[in-house]
Amino acid sequence: MRNLSNPVHFFTQQKPELGRQIAVPILTLLALLPIFKTYFTKPNSLSYSFGGDSLVLYYDMIFHVRYGQGATLHGMNYPYGEYIFLTDAQGALASLLGWVNRNLLDVSDHLVGIIHSLNLYLLPVCALLVYHLFKAFKVSPWLSVPCSVLIAIMAPQVMRLHGHFGLAYPFLIPLAMLWFVRKQRLAGQLEWRDLLVLAILVFFTFNNPYIGFGAAGLLMVVGGLAAVSAFFEKKQLRSGLLSFAMGALAMLIPFINFKLNDICTDRVAQQFGFFWYHASLDGTFFPPNSLLNHLLRIVGLEYKASIEVESRMGIGLVASLLLAALAIRMLVRFFTKKGPNLLAPDLKLLLAGSIVMYLLAANYSPYGWAKDWMEANLGPLLMFKASGRIAWSFYFTATISAVVFLDFLVGKIKQRSLAVGLVVVLLATWSIEYNLYVGMKFRKSFHDNFFEKKHEQALLAELRQAGFDASQFSSMLVVPKMMAWSDLMMGDLNWAAQFYSMRISAATGLPMLNAMLSRICTGHMAEGVQLTSHPVIRKERLAKLPNRKDILLVLGSGYDSLTVGERHLVELASPLLKAEKYSLYRLKLEQLEQTGFADSIRAKFQLAQTASPTGVTHLSFEEVASPHSFYGKGAFSIKKGENQVATVKFPFQADSAYLFSAWNHLDYSKYDMGRWKLTVFDSLGQQLDFKKVEVKMGTDVQDGWLRTEIPFTAPAKGSLKIEMECKRDFHIDELELRPLRSTHFQNTESQPAFLWNNYKVYKTAGK
């Protein structure tokens, strides 16, 4: 082993005192214990949350480990499933535990505890890696131990323990930093342990691409900076190129795999979120519950800190002050050329690289003029929807640099008691902020784990008592509409529907037709939404089911109202169980495939008069042929921004209940389906009402188009201004306004279908 003048102890045979290496993880656990409490001793009995994202991520891993095999998550989006590495299901860990469960020992009842334990017990590893970085940068041991603990337990990844468990592994970035330092000081010497580092980076990139990119991306940037610096200084390029190659390889292996094995071809090409869930200065230095945020409010500066969780990094008051002082000190040295260089060259490179990552993660907020250019040219980089996560390396380089500067300051204080007093005050302040910032987040995060065996047995007993037999069903359908997360279609989450459907699915192995999946295929999402569409619309998913078994309909309680399509499903189904918070029904495929509703509309069409009822306005946009149209040959081309579509006057002498409807084309090239804006005016032109509705919340999908329906009151002799606000260009078609209880037919002889109340009904049965 080469004798290094400034060794990186964790990766060499030269070891610091064993006592300090033991003290760091022990102190980390002791610091975490007052906040996380019984998560350490009874990790399988608790859950951070029992709804929303957290419940999905618990459920995904449980279903895959118990019932899955291979790389497809089959619990949702039946019968297609989803490529598990493109979900938030911790694909690598779920696949590993699934293999263990099938071949070694049964872990299926302990998966929630395993998730919690890995997240919490790897935090001391993070602290130990930070400690070795301090050793590499020659920070005093008595500062290194407590500061490494504080940096680890306040890392931004810790705040994701509440739900996004695959993000809650902060050790990965310090590991990449430590490996980079070693390669720099060994001049790029190759070692067998490099394969171990690569394997860890690849595993965690498969497990969650964000956290992998945060570490591997940093290596690519700092490796590139090191290579450029070495080139101009005529030094050895090897170490910089090796670091770049390590980061690139750790990224390419998973991403080539994703590209080759993705089960879909129609995912949204540009996701919404890169320019929204970004890093920001307020989230970095004074997020909610931070000391600096509290101090700003105390002095009367009511600054509204960033509310987006992705923006919250929480450097901390102590580190922020030290970092500011360090920046001033470096500026002074730059102009005066006096004083020592406080930061080691490799730490400078790491700090510079993390700033580059931060600028990418901050995206257009500091340079908004570049948004259109970035969307047009950066392509795959913008697929990192929550871009704030890829700035997390700045937290580590900033806090480590701050402690390096503190070590320098303390060394300049000649009176030892004063130096000790300063450090004690700063560490106490840092500890108070940890308890405030992290503690406030988790103080109400102690709930029963409803996937635990005792809860599952109680649920199964309730189902058996109702005569439920999972083998009689192919899958389950959940209402109200439970579909997420697509930038083109969404649903309002009903807690009871999600909570009980996922518990039943995990306990019985019955998959869901619904989906709560990241970046879900547009076609799959459209088919899923269509299952709860108006009964006149044919359900395309039914023809793709692999068997003729019944479908279990799960209805959650506490909803405001059901759509026409959802009510129709409940009316078709046979009741199985009526519980306090949910109900179960049996749906037969033959019932869903029946075309009686459409047949009755066709019969009425044969008798219908061609004249429209009074008060109906129907815009077909047939003036210019369009590449996309819902009905006929034309459609209205919507442009990015604000679009005024139409202004309509109402003919009635009294106020009338009206219904607005229109169709938007489902184009997966880019995020956003737009927002309809309806402004209602009285007869004198005074505004009476304003409605703004997201198109993606619509429940009717037909032939690749999504319908929006908005009820409103039309004033006597009043008017309506119809606008569309959107972030991209697309097409709308068949805009209709009609009195609520009227029936309107629209027909073009050359078309194979007619429109009934703005739904397409084919003239020939079976289409």
# chains A, B, ... in the order shown; residues from 1 in each chain; ligands from 1

call {"tool": "closest_atom_pairs", "arguments": {"of": "stretch 480-516 of chain A", "to": "stretch 89-109 of chain A", "cutoff": "12 Å", "atoms": "only C-alpha atoms", "output": "tab-separated table"}}
result
residue	atom	partner	partner_atom	distance
A:Ala506	CA	A:Ser108	CA	10.2
A:Ala507	CA	A:Asp109	CA	10.3
A:Met516	CA	A:Ala89	CA	11.1

call {"tool": "residues_around", "arguments": {"residues": "stretch 138-141 of chain A", "least_positions_apart": "3", "cutoff": "9 Å", "atoms": "only C-alpha atoms", "output": "VMD selection string"}}
result
chain A and resid 6 20 131 133 to 135 144 to 145 403 to 404 407 to 408

call {"tool": "write_last_selection", "arguments": {"atoms": "N, CA and C atoms", "output": "PDB file, in the first residue's frame"}}
result
ATOM      1  N   ASN A   6      -1.326  12.323   3.413  1.00  0.00           N
ATOM      2  CA  ASN A   6      -2.595  12.721   4.044  1.00  0.00           C
ATOM      3  C   ASN A   6      -3.599  11.603   3.775  1.00  0.00           C
ATOM      4  N   ARG A  20     -12.596   6.279  18.463  1.00  0.00           N
ATOM      5  CA  ARG A  20     -13.352   7.305  17.739  1.00  0.00           C
ATOM      6  C   ARG A  20     -14.198   6.682  16.638  1.00  0.00           C
ATOM      7  N   TYR A 131     -16.811  11.292   8.843  1.00  0.00           N
ATOM      8  CA  TYR A 131     -15.687  11.340   9.787  1.00  0.00           C
ATOM      9  C   TYR A 131     -14.367  11.091   9.064  1.00  0.00           C
ATOM     10  N   LEU A 133     -13.752  11.587   5.934  1.00  0.00           N
ATOM     11  CA  LEU A 133     -13.457  12.764   5.108  1.00  0.00           C
ATOM     12  C   LEU A 133     -12.782  13.844   5.940  1.00  0.00           C
ATOM     13  N   PHE A 134     -13.274  14.056   7.168  1.00  0.00           N
ATOM     14  CA  PHE A 134     -12.621  15.025   8.054  1.00  0.00           C
ATOM     15  C   PHE A 134     -11.185  14.608   8.349  1.00  0.00           C
ATOM     16  N   LYS A 135     -10.960  13.301   8.533  1.00  0.00           N
ATOM     17  CA  LYS A 135      -9.590  12.834   8.759  1.00  0.00           C
ATOM     18  C   LYS A 135      -8.715  13.142   7.556  1.00  0.00           C
ATOM     19  N   SER A 144     -14.139  16.447  14.619  1.00  0.00           N
ATOM     20  CA  SER A 144     -14.597  15.515  13.590  1.00  0.00           C
ATOM     21  C   SER A 144     -15.732  14.632  14.074  1.00  0.00           C
ATOM     22  N   VAL A 145     -15.623  14.128  15.305  1.00  0.00           N
ATOM     23  CA  VAL A 145     -16.615  13.173  15.801  1.00  0.00           C
ATOM     24  C   VAL A 145     -18.004  13.800  15.905  1.00  0.00           C
ATOM     25  N   VAL A 403     -16.985  23.087   8.513  1.00  0.00           N
ATOM     26  CA  VAL A 403     -16.284  22.534   9.678  1.00  0.00           C
ATOM     27  C   VAL A 403     -14.775  22.654   9.497  1.00  0.00           C
ATOM     28  N   VAL A 404     -14.284  22.477   8.276  1.00  0.00           N
ATOM     29  CA  VAL A 404     -12.850  22.689   8.017  1.00  0.00           C
ATOM     30  C   VAL A 404     -12.457  24.121   8.393  1.00  0.00           C
ATOM     31  N   ASP A 407     -12.407  24.520  12.177  1.00  0.00           N
ATOM     32  CA  ASP A 407     -11.167  23.956  12.723  1.00  0.00           C
ATOM     33  C   ASP A 407     -10.020  24.958  12.606  1.00  0.00           C
ATOM     34  N   PHE A 408      -9.983  25.674  11.492  1.00  0.00           N
ATOM     35  CA  PHE A 408      -8.962  26.713  11.302  1.00  0.00           C
ATOM     36  C   PHE A 408      -9.153  27.851  12.308  1.00  0.00           C
TER      37      PHE A 408
END

call {"tool": "atom_distance", "arguments": {"atom1": "atom CA of A:Tyr500", "atom2": "atom CA of A:Pro546"}}
result
24.8 Å

call {"tool": "closest_residue", "arguments": {"among": "A:Tyr121, A:Phe384, A:Tyr759, A:Tyr559", "to": "A:Arg707", "atoms": "only C-alpha atoms"}}
result
A:Tyr759

call {"tool": "select_by_dssp", "arguments": {"residues": "stretch 53-268 of chain A", "states": "alpha helix (DSSP H)", "output": "PDB file with C-alpha atoms, in the first residue's frame"}}
result
ATOM      1  CA  ASP A  53     -46.947   8.014  -1.141  1.00  0.00           C
ATOM      2  CA  SER A  54     -45.765   6.143   1.959  1.00  0.00           C
ATOM      3  CA  LEU A  55     -48.509   3.537   1.778  1.00  0.00           C
ATOM      4  CA  VAL A  56     -47.831   2.929  -1.926  1.00  0.00           C
ATOM      5  CA  LEU A  57     -44.124   2.391  -1.318  1.00  0.00           C
ATOM      6  CA  TYR A  58     -44.691  -0.010   1.567  1.00  0.00           C
ATOM      7  CA  TYR A  59     -47.260  -1.884  -0.532  1.00  0.00           C
ATOM      8  CA  ASP A  60     -45.134  -2.072  -3.696  1.00  0.00           C
ATOM      9  CA  MET A  61     -42.242  -3.806  -1.966  1.00  0.00           C
ATOM     10  CA  ILE A  62     -44.515  -6.142   0.007  1.00  0.00           C
ATOM     11  CA  PHE A  63     -46.419  -7.236  -3.101  1.00  0.00           C
ATOM     12  CA  HIS A  64     -43.288  -7.768  -5.184  1.00  0.00           C
ATOM     13  CA  VAL A  65     -41.424  -9.740  -2.512  1.00  0.00           C
ATOM     14  CA  ARG A  66     -44.441 -11.931  -1.709  1.00  0.00           C
ATOM     15  CA  TYR A  67     -45.904 -12.532  -5.147  1.00  0.00           C
ATOM     16  CA  GLY A  91     -36.500  -2.012  -7.268  1.00  0.00           C
ATOM     17  CA  ALA A  92     -33.037  -3.354  -6.447  1.00  0.00           C
ATOM     18  CA  LEU A  93     -33.844  -3.995  -2.796  1.00  0.00           C
ATOM     19  CA  ALA A  94     -37.273  -5.471  -3.616  1.00  0.00           C
ATOM     20  CA  SER A  95     -35.704  -7.836  -6.166  1.00  0.00           C
ATOM     21  CA  LEU A  96     -32.999  -8.900  -3.718  1.00  0.00           C
ATOM     22  CA  LEU A  97     -35.473  -9.502  -0.891  1.00  0.00           C
ATOM     23  CA  GLY A  98     -37.774 -11.360  -3.276  1.00  0.00           C
ATOM     24  CA  TRP A  99     -34.946 -13.769  -4.096  1.00  0.00           C
ATOM     25  CA  VAL A 100     -34.177 -14.192  -0.392  1.00  0.00           C
ATOM     26  CA  ASN A 101     -37.866 -14.825   0.330  1.00  0.00           C
ATOM     27  CA  ARG A 102     -38.113 -17.508  -2.370  1.00  0.00           C
ATOM     28  CA  ASN A 103     -34.792 -19.251  -1.812  1.00  0.00           C
ATOM     29  CA  LEU A 111     -40.598  -6.086   5.058  1.00  0.00           C
ATOM     30  CA  VAL A 112     -41.737  -2.803   6.620  1.00  0.00           C
ATOM     31  CA  GLY A 113     -39.289  -3.406   9.476  1.00  0.00           C
ATOM     32  CA  ILE A 114     -36.502  -4.156   6.997  1.00  0.00           C
ATOM     33  CA  ILE A 115     -37.191  -0.874   5.181  1.00  0.00           C
ATOM     34  CA  HIS A 116     -37.081   1.104   8.438  1.00  0.00           C
ATOM     35  CA  SER A 117     -33.999  -0.691   9.741  1.00  0.00           C
ATOM     36  CA  LEU A 118     -31.956  -0.194   6.581  1.00  0.00           C
ATOM     37  CA  ASN A 119     -32.793   3.515   6.464  1.00  0.00           C
ATOM     38  CA  LEU A 120     -31.981   4.126  10.128  1.00  0.00           C
ATOM     39  CA  TYR A 121     -29.037   1.792  10.703  1.00  0.00           C
ATOM     40  CA  LEU A 123     -27.170   6.573   9.017  1.00  0.00           C
ATOM     41  CA  PRO A 124     -24.188   5.716  11.285  1.00  0.00           C
ATOM     42  CA  VAL A 125     -22.379   4.542   8.137  1.00  0.00           C
ATOM     43  CA  CYS A 126     -22.966   7.989   6.642  1.00  0.00           C
ATOM     44  CA  ALA A 127     -21.545   9.619   9.787  1.00  0.00           C
ATOM     45  CA  LEU A 128     -18.509   7.332   9.707  1.00  0.00           C
ATOM     46  CA  LEU A 129     -17.792   8.204   6.067  1.00  0.00           C
ATOM     47  CA  VAL A 130     -18.037  11.926   6.852  1.00  0.00           C
ATOM     48  CA  TYR A 131     -15.687  11.340   9.787  1.00  0.00           C
ATOM     49  CA  HIS A 132     -13.098   9.804   7.446  1.00  0.00           C
ATOM     50  CA  LEU A 133     -13.457  12.764   5.108  1.00  0.00           C
ATOM     51  CA  PHE A 134     -12.621  15.025   8.054  1.00  0.00           C
ATOM     52  CA  LYS A 135      -9.590  12.834   8.759  1.00  0.00           C
ATOM     53  CA  ALA A 136      -8.513  13.243   5.151  1.00  0.00           C
ATOM     54  CA  PRO A 141     -10.578  14.621  16.006  1.00  0.00           C
ATOM     55  CA  TRP A 142     -12.522  16.354  18.787  1.00  0.00           C
ATOM     56  CA  LEU A 143     -14.360  18.348  16.105  1.00  0.00           C
ATOM     57  CA  SER A 144     -14.597  15.515  13.590  1.00  0.00           C
ATOM     58  CA  VAL A 145     -16.615  13.173  15.801  1.00  0.00           C
ATOM     59  CA  PRO A 146     -19.567  15.420  16.795  1.00  0.00           C
ATOM     60  CA  CYS A 147     -19.673  17.278  13.477  1.00  0.00           C
ATOM     61  CA  SER A 148     -19.758  14.093  11.411  1.00  0.00           C
ATOM     62  CA  VAL A 149     -22.730  12.935  13.498  1.00  0.00           C
ATOM     63  CA  LEU A 150     -24.585  16.242  13.108  1.00  0.00           C
ATOM     64  CA  ILE A 151     -23.987  16.378   9.364  1.00  0.00           C
ATOM     65  CA  ALA A 152     -25.302  12.829   8.905  1.00  0.00           C
ATOM     66  CA  ILE A 153     -28.457  13.195  11.007  1.00  0.00           C
ATOM     67  CA  LEU A 172     -23.927   7.260  -0.877  1.00  0.00           C
ATOM     68  CA  ILE A 173     -22.704  10.809  -1.535  1.00  0.00           C
ATOM     69  CA  PRO A 174     -19.996  10.801   1.200  1.00  0.00           C
ATOM     70  CA  LEU A 175     -18.891   7.404  -0.139  1.00  0.00           C
ATOM     71  CA  ALA A 176     -18.450   8.872  -3.630  1.00  0.00           C
ATOM     72  CA  MET A 177     -16.645  11.896  -2.171  1.00  0.00           C
ATOM     73  CA  LEU A 178     -14.273   9.723  -0.136  1.00  0.00           C
ATOM     74  CA  TRP A 179     -13.515   7.519  -3.124  1.00  0.00           C
ATOM     75  CA  PHE A 180     -12.780  10.607  -5.233  1.00  0.00           C
ATOM     76  CA  VAL A 181     -10.371  11.956  -2.607  1.00  0.00           C
ATOM     77  CA  ARG A 182      -8.569   8.628  -2.512  1.00  0.00           C
ATOM     78  CA  LYS A 183      -8.217   8.461  -6.295  1.00  0.00           C
ATOM     79  CA  GLN A 184      -6.872  12.012  -6.361  1.00  0.00           C
ATOM     80  CA  ARG A 185      -4.256  11.211  -3.760  1.00  0.00           C
ATOM     81  CA  ARG A 193     -12.026  -2.028  -3.951  1.00  0.00           C
ATOM     82  CA  ASP A 194     -13.025   0.234  -6.856  1.00  0.00           C
ATOM     83  CA  LEU A 195     -15.270  -2.605  -8.029  1.00  0.00           C
ATOM     84  CA  LEU A 196     -17.005  -2.606  -4.638  1.00  0.00           C
ATOM     85  CA  VAL A 197     -17.659   1.142  -4.880  1.00  0.00           C
ATOM     86  CA  LEU A 198     -18.961   0.709  -8.437  1.00  0.00           C
ATOM     87  CA  ALA A 199     -21.248  -2.136  -7.348  1.00  0.00           C
ATOM     88  CA  ILE A 200     -22.690  -0.013  -4.517  1.00  0.00           C
ATOM     89  CA  LEU A 201     -23.281   2.936  -6.843  1.00  0.00           C
ATOM     90  CA  VAL A 202     -24.928   0.739  -9.482  1.00  0.00           C
ATOM     91  CA  PHE A 203     -27.131  -1.042  -6.924  1.00  0.00           C
ATOM     92  CA  PHE A 204     -28.446   2.188  -5.445  1.00  0.00           C
ATOM     93  CA  THR A 205     -28.931   3.770  -8.877  1.00  0.00           C
ATOM     94  CA  PHE A 206     -31.107   0.796  -9.791  1.00  0.00           C
ATOM     95  CA  ASN A 207     -32.815   1.180  -6.421  1.00  0.00           C
ATOM     96  CA  PRO A 209     -32.142   6.730  -9.977  1.00  0.00           C
ATOM     97  CA  TYR A 210     -32.267  10.084  -8.167  1.00  0.00           C
ATOM     98  CA  ILE A 211     -29.980   9.070  -5.348  1.00  0.00           C
ATOM     99  CA  GLY A 212     -27.689   7.257  -7.759  1.00  0.00           C
ATOM    100  CA  PHE A 213     -27.429  10.270 -10.028  1.00  0.00           C
ATOM    101  CA  GLY A 214     -26.741  12.508  -7.032  1.00  0.00           C
ATOM    102  CA  ALA A 215     -23.570  10.546  -6.254  1.00  0.00           C
ATOM    103  CA  ALA A 216     -22.542   9.348  -9.725  1.00  0.00           C
ATOM    104  CA  GLY A 217     -23.326  12.731 -11.279  1.00  0.00           C
ATOM    105  CA  LEU A 218     -21.071  14.400  -8.725  1.00  0.00           C
ATOM    106  CA  LEU A 219     -18.240  12.036  -9.670  1.00  0.00           C
ATOM    107  CA  MET A 220     -18.716  12.853 -13.345  1.00  0.00           C
ATOM    108  CA  VAL A 221     -18.618  16.597 -12.689  1.00  0.00           C
ATOM    109  CA  VAL A 222     -15.672  16.605 -10.260  1.00  0.00           C
ATOM    110  CA  GLY A 223     -13.820  14.104 -12.417  1.00  0.00           C
ATOM    111  CA  GLY A 224     -14.252  16.382 -15.400  1.00  0.00           C
ATOM    112  CA  LEU A 225     -13.163  19.431 -13.404  1.00  0.00           C
ATOM    113  CA  ALA A 226     -10.129  17.544 -12.075  1.00  0.00           C
ATOM    114  CA  ALA A 227      -9.149  16.451 -15.581  1.00  0.00           C
ATOM    115  CA  VAL A 228      -9.488  19.983 -16.983  1.00  0.00           C
ATOM    116  CA  SER A 229      -7.525  21.410 -14.056  1.00  0.00           C
ATOM    117  CA  ALA A 230      -4.792  18.804 -14.462  1.00  0.00           C
ATOM    118  CA  PHE A 231      -4.586  19.489 -18.200  1.00  0.00           C
ATOM    119  CA  PHE A 232      -3.959  23.209 -17.730  1.00  0.00           C
ATOM    120  CA  ARG A 238      -5.556   9.819 -14.844  1.00  0.00           C
ATOM    121  CA  SER A 239      -7.354  10.416 -11.531  1.00  0.00           C
ATOM    122  CA  GLY A 240      -9.849  12.899 -12.984  1.00  0.00           C
ATOM    123  CA  LEU A 241     -10.663  10.698 -15.959  1.00  0.00           C
ATOM    124  CA  LEU A 242     -11.039   7.673 -13.686  1.00  0.00           C
ATOM    125  CA  SER A 243     -13.513   9.536 -11.458  1.00  0.00           C
ATOM    126  CA  PHE A 244     -15.483  10.681 -14.481  1.00  0.00           C
ATOM    127  CA  ALA A 245     -15.524   7.135 -15.835  1.00  0.00           C
ATOM    128  CA  MET A 246     -16.685   5.728 -12.492  1.00  0.00           C
ATOM    129  CA  GLY A 247     -19.632   8.140 -12.352  1.00  0.00           C
ATOM    130  CA  ALA A 248     -20.497   7.620 -16.022  1.00  0.00           C
ATOM    131  CA  LEU A 249     -20.371   3.830 -15.717  1.00  0.00           C
ATOM    132  CA  ALA A 250     -22.521   3.852 -12.573  1.00  0.00           C
ATOM    133  CA  MET A 251     -25.101   5.834 -14.531  1.00  0.00           C
ATOM    134  CA  LEU A 252     -24.872   4.084 -17.887  1.00  0.00           C
ATOM    135  CA  ILE A 253     -25.298   0.518 -16.620  1.00  0.00           C
ATOM    136  CA  PRO A 254     -28.736   1.175 -15.063  1.00  0.00           C
ATOM    137  CA  PHE A 255     -29.929   3.640 -17.670  1.00  0.00           C
ATOM    138  CA  ILE A 256     -29.053   1.425 -20.625  1.00  0.00           C
ATOM    139  CA  ASN A 257     -30.912  -1.337 -18.803  1.00  0.00           C
ATOM    140  CA  PHE A 258     -33.929   0.947 -18.320  1.00  0.00           C
ATOM    141  CA  LYS A 259     -33.891   1.835 -21.994  1.00  0.00           C
ATOM    142  CA  LEU A 260     -33.623  -1.743 -23.236  1.00  0.00           C
ATOM    143  CA  ASN A 261     -36.080  -3.362 -20.836  1.00  0.00           C
TER     144      ASN A 261
END

call {"tool": "atom_distance", "arguments": {"atom1": "atom CA of A:Gly314", "atom2": "atom CA of A:Ala352"}}
result
19.1 Å

call {"tool": "closest_residue", "arguments": {"among": "A:Ser620, A:Ala319, A:Ser533, A:Phe274", "to": "A:Leu427", "atoms": "only C-alpha atoms"}}
result
A:Ala319

call {"tool": "atom_distance", "arguments": {"atom1": "atom CA of A:His455", "atom2": "atom CA of A:Ile504"}}
result
11.0 Å

call {"tool": "select_by_dssp", "arguments": {"residues": "stretch 70-303 of chain A", "states": "strand (DSSP E or B)", "output": "ChimeraX atom specification"}}
result
/A:72-73,82-83

call {"tool": "closest_residue", "arguments": {"among": "A:Ile35, A:Pro535, A:Ala325, A:Thr699", "to": "A:Met440", "atoms": "only C-alpha atoms"}}
result
A:Ile35

call {"tool": "closest_residue", "arguments": {"among": "A:Lys539, A:His524, A:Arg312, A:Lys444", "to": "A:Leu281", "atoms": "only C-alpha atoms"}}
result
A:Arg312

call {"tool": "residues_around", "arguments": {"residues": "A:Val701", "least_positions_apart": "3", "cutoff": "12 Å", "atoms": "only C-alpha atoms", "output": "MDAnalysis selection string"}}
result
chainID A and resid 488:489 522:541 565 630 662:666 695:698 704:708 759:760

call {"tool": "write_last_selection", "arguments": {"atoms": "N, CA and C atoms", "output": "short mmCIF file (atom, residue, chain, number, x, y, z; two decimals), in the first residue's frame"}}
result
data_model
loop_
_atom_site.label_atom_id
_atom_site.label_comp_id
_atom_site.auth_asym_id
_atom_site.auth_seq_id
_atom_site.Cartn_x
_atom_site.Cartn_y
_atom_site.Cartn_z
N LEU A 488 -50.36 13.78 -17.44
CA LEU A 488 -51.47 13.98 -18.36
C LEU A 488 -52.82 13.62 -17.74
N MET A 489 -52.82 12.70 -16.78
CA MET A 489 -54.07 12.28 -16.12
C MET A 489 -53.81 12.03 -14.65
N THR A 522 -48.59 6.27 -20.93
CA THR A 522 -49.80 7.05 -21.23
C THR A 522 -50.96 6.15 -21.64
N GLY A 523 -50.68 5.15 -22.48
CA GLY A 523 -51.74 4.25 -22.92
C GLY A 523 -52.32 3.44 -21.77
N HIS A 524 -51.46 2.96 -20.87
CA HIS A 524 -51.93 2.20 -19.71
C HIS A 524 -52.78 3.08 -18.79
N MET A 525 -52.31 4.30 -18.57
CA MET A 525 -53.07 5.22 -17.72
C MET A 525 -54.44 5.51 -18.35
N ALA A 526 -54.45 5.75 -19.66
CA ALA A 526 -55.72 6.05 -20.34
C ALA A 526 -56.70 4.90 -20.21
N GLU A 527 -56.22 3.67 -20.38
CA GLU A 527 -57.09 2.51 -20.23
C GLU A 527 -57.60 2.37 -18.81
N GLY A 528 -56.74 2.67 -17.83
CA GLY A 528 -57.16 2.59 -16.44
C GLY A 528 -58.23 3.59 -16.10
N VAL A 529 -58.05 4.84 -16.55
CA VAL A 529 -59.05 5.87 -16.32
C VAL A 529 -60.35 5.51 -17.03
N GLN A 530 -60.23 4.92 -18.20
CA GLN A 530 -61.41 4.58 -19.01
C GLN A 530 -62.33 3.58 -18.30
N LEU A 531 -61.77 2.77 -17.42
CA LEU A 531 -62.59 1.79 -16.69
C LEU A 531 -63.67 2.47 -15.85
N THR A 532 -63.43 3.71 -15.44
CA THR A 532 -64.43 4.44 -14.66
C THR A 532 -65.09 5.54 -15.49
N SER A 533 -64.92 5.50 -16.81
CA SER A 533 -65.53 6.49 -17.68
C SER A 533 -67.03 6.25 -17.81
N HIS A 534 -67.69 7.16 -18.48
CA HIS A 534 -69.13 7.07 -18.74
C HIS A 534 -69.47 5.73 -19.37
N PRO A 535 -70.59 5.11 -19.00
CA PRO A 535 -70.93 3.77 -19.52
C PRO A 535 -71.11 3.71 -21.03
N VAL A 536 -71.26 4.83 -21.70
CA VAL A 536 -71.40 4.79 -23.16
C VAL A 536 -70.05 4.49 -23.82
N ILE A 537 -68.95 4.65 -23.07
CA ILE A 537 -67.60 4.45 -23.62
C ILE A 537 -67.18 3.00 -23.42
N ARG A 538 -66.73 2.36 -24.48
CA ARG A 538 -66.25 0.98 -24.39
C ARG A 538 -64.94 0.91 -23.62
N LYS A 539 -64.80 -0.10 -22.74
CA LYS A 539 -63.61 -0.25 -21.89
C LYS A 539 -62.58 -1.13 -22.60
N GLU A 540 -61.56 -0.54 -23.14
CA GLU A 540 -60.59 -1.26 -23.96
C GLU A 540 -59.78 -2.27 -23.16
N ARG A 541 -59.58 -2.02 -21.86
CA ARG A 541 -58.75 -2.91 -21.03
C ARG A 541 -59.37 -4.31 -20.92
N GLY A 565 -69.87 7.30 -14.47
CA GLY A 565 -69.24 6.01 -14.73
C GLY A 565 -69.03 5.20 -13.47
N PHE A 630 -61.07 14.58 -32.67
CA PHE A 630 -61.90 13.64 -31.95
C PHE A 630 -63.08 13.20 -32.82
N ALA A 662 -65.58 19.48 -23.23
CA ALA A 662 -64.67 19.58 -24.38
C ALA A 662 -63.67 18.44 -24.29
N TRP A 663 -63.04 18.13 -25.42
CA TRP A 663 -62.08 17.04 -25.48
C TRP A 663 -60.67 17.58 -25.77
N ASN A 664 -59.68 17.05 -25.04
CA ASN A 664 -58.27 17.40 -25.24
C ASN A 664 -57.50 16.17 -25.73
N HIS A 665 -56.65 16.37 -26.72
CA HIS A 665 -55.89 15.26 -27.28
C HIS A 665 -54.78 14.82 -26.33
N LEU A 666 -54.66 13.49 -26.14
CA LEU A 666 -53.62 12.92 -25.28
C LEU A 666 -52.34 12.74 -26.10
N VAL A 695 -57.54 19.87 -16.74
CA VAL A 695 -58.02 18.85 -17.68
C VAL A 695 -57.61 17.46 -17.21
N LYS A 696 -56.43 17.31 -16.63
CA LYS A 696 -55.91 15.98 -16.26
C LYS A 696 -56.77 15.29 -15.20
N MET A 697 -57.68 16.03 -14.55
CA MET A 697 -58.55 15.41 -13.55
C MET A 697 -59.79 14.79 -14.18
N GLY A 698 -59.93 14.87 -15.51
CA GLY A 698 -61.09 14.31 -16.19
C GLY A 698 -61.17 12.80 -16.05
N GLY A 704 -58.24 8.08 -27.45
CA GLY A 704 -57.04 8.90 -27.30
C GLY A 704 -57.31 10.35 -26.95
N TRP A 705 -58.51 10.65 -26.46
CA TRP A 705 -58.86 12.01 -26.06
C TRP A 705 -59.42 11.99 -24.64
N LEU A 706 -59.23 13.08 -23.92
CA LEU A 706 -59.66 13.20 -22.52
C LEU A 706 -60.70 14.31 -22.41
N ARG A 707 -61.82 13.99 -21.79
CA ARG A 707 -62.94 14.93 -21.72
C ARG A 707 -62.96 15.66 -20.38
N THR A 708 -63.26 16.95 -20.44
CA THR A 708 -63.47 17.76 -19.25
C THR A 708 -64.93 18.17 -19.19
N TYR A 759 -70.44 12.81 -26.26
CA TYR A 759 -69.75 11.53 -26.26
C TYR A 759 -69.89 10.91 -27.65
N LYS A 760 -68.86 10.20 -28.08
CA LYS A 760 -68.91 9.54 -29.37
C LYS A 760 -69.61 8.19 -29.22
#

call {"tool": "residues_around", "arguments": {"residues": "A:Asn643", "least_positions_apart": "3", "cutoff": "7 Å", "atoms": "only C-alpha atoms", "output": "list in words"}}
result
Ile638, Lys639, Glu723, Met724 and Glu725 of chain A

call {"tool": "closest_residue", "arguments": {"among": "A:Phe40, A:Phe730, A:Trp392, A:Phe335", "to": "A:Ser629", "atoms": "only C-alpha atoms"}}
result
A:Phe730
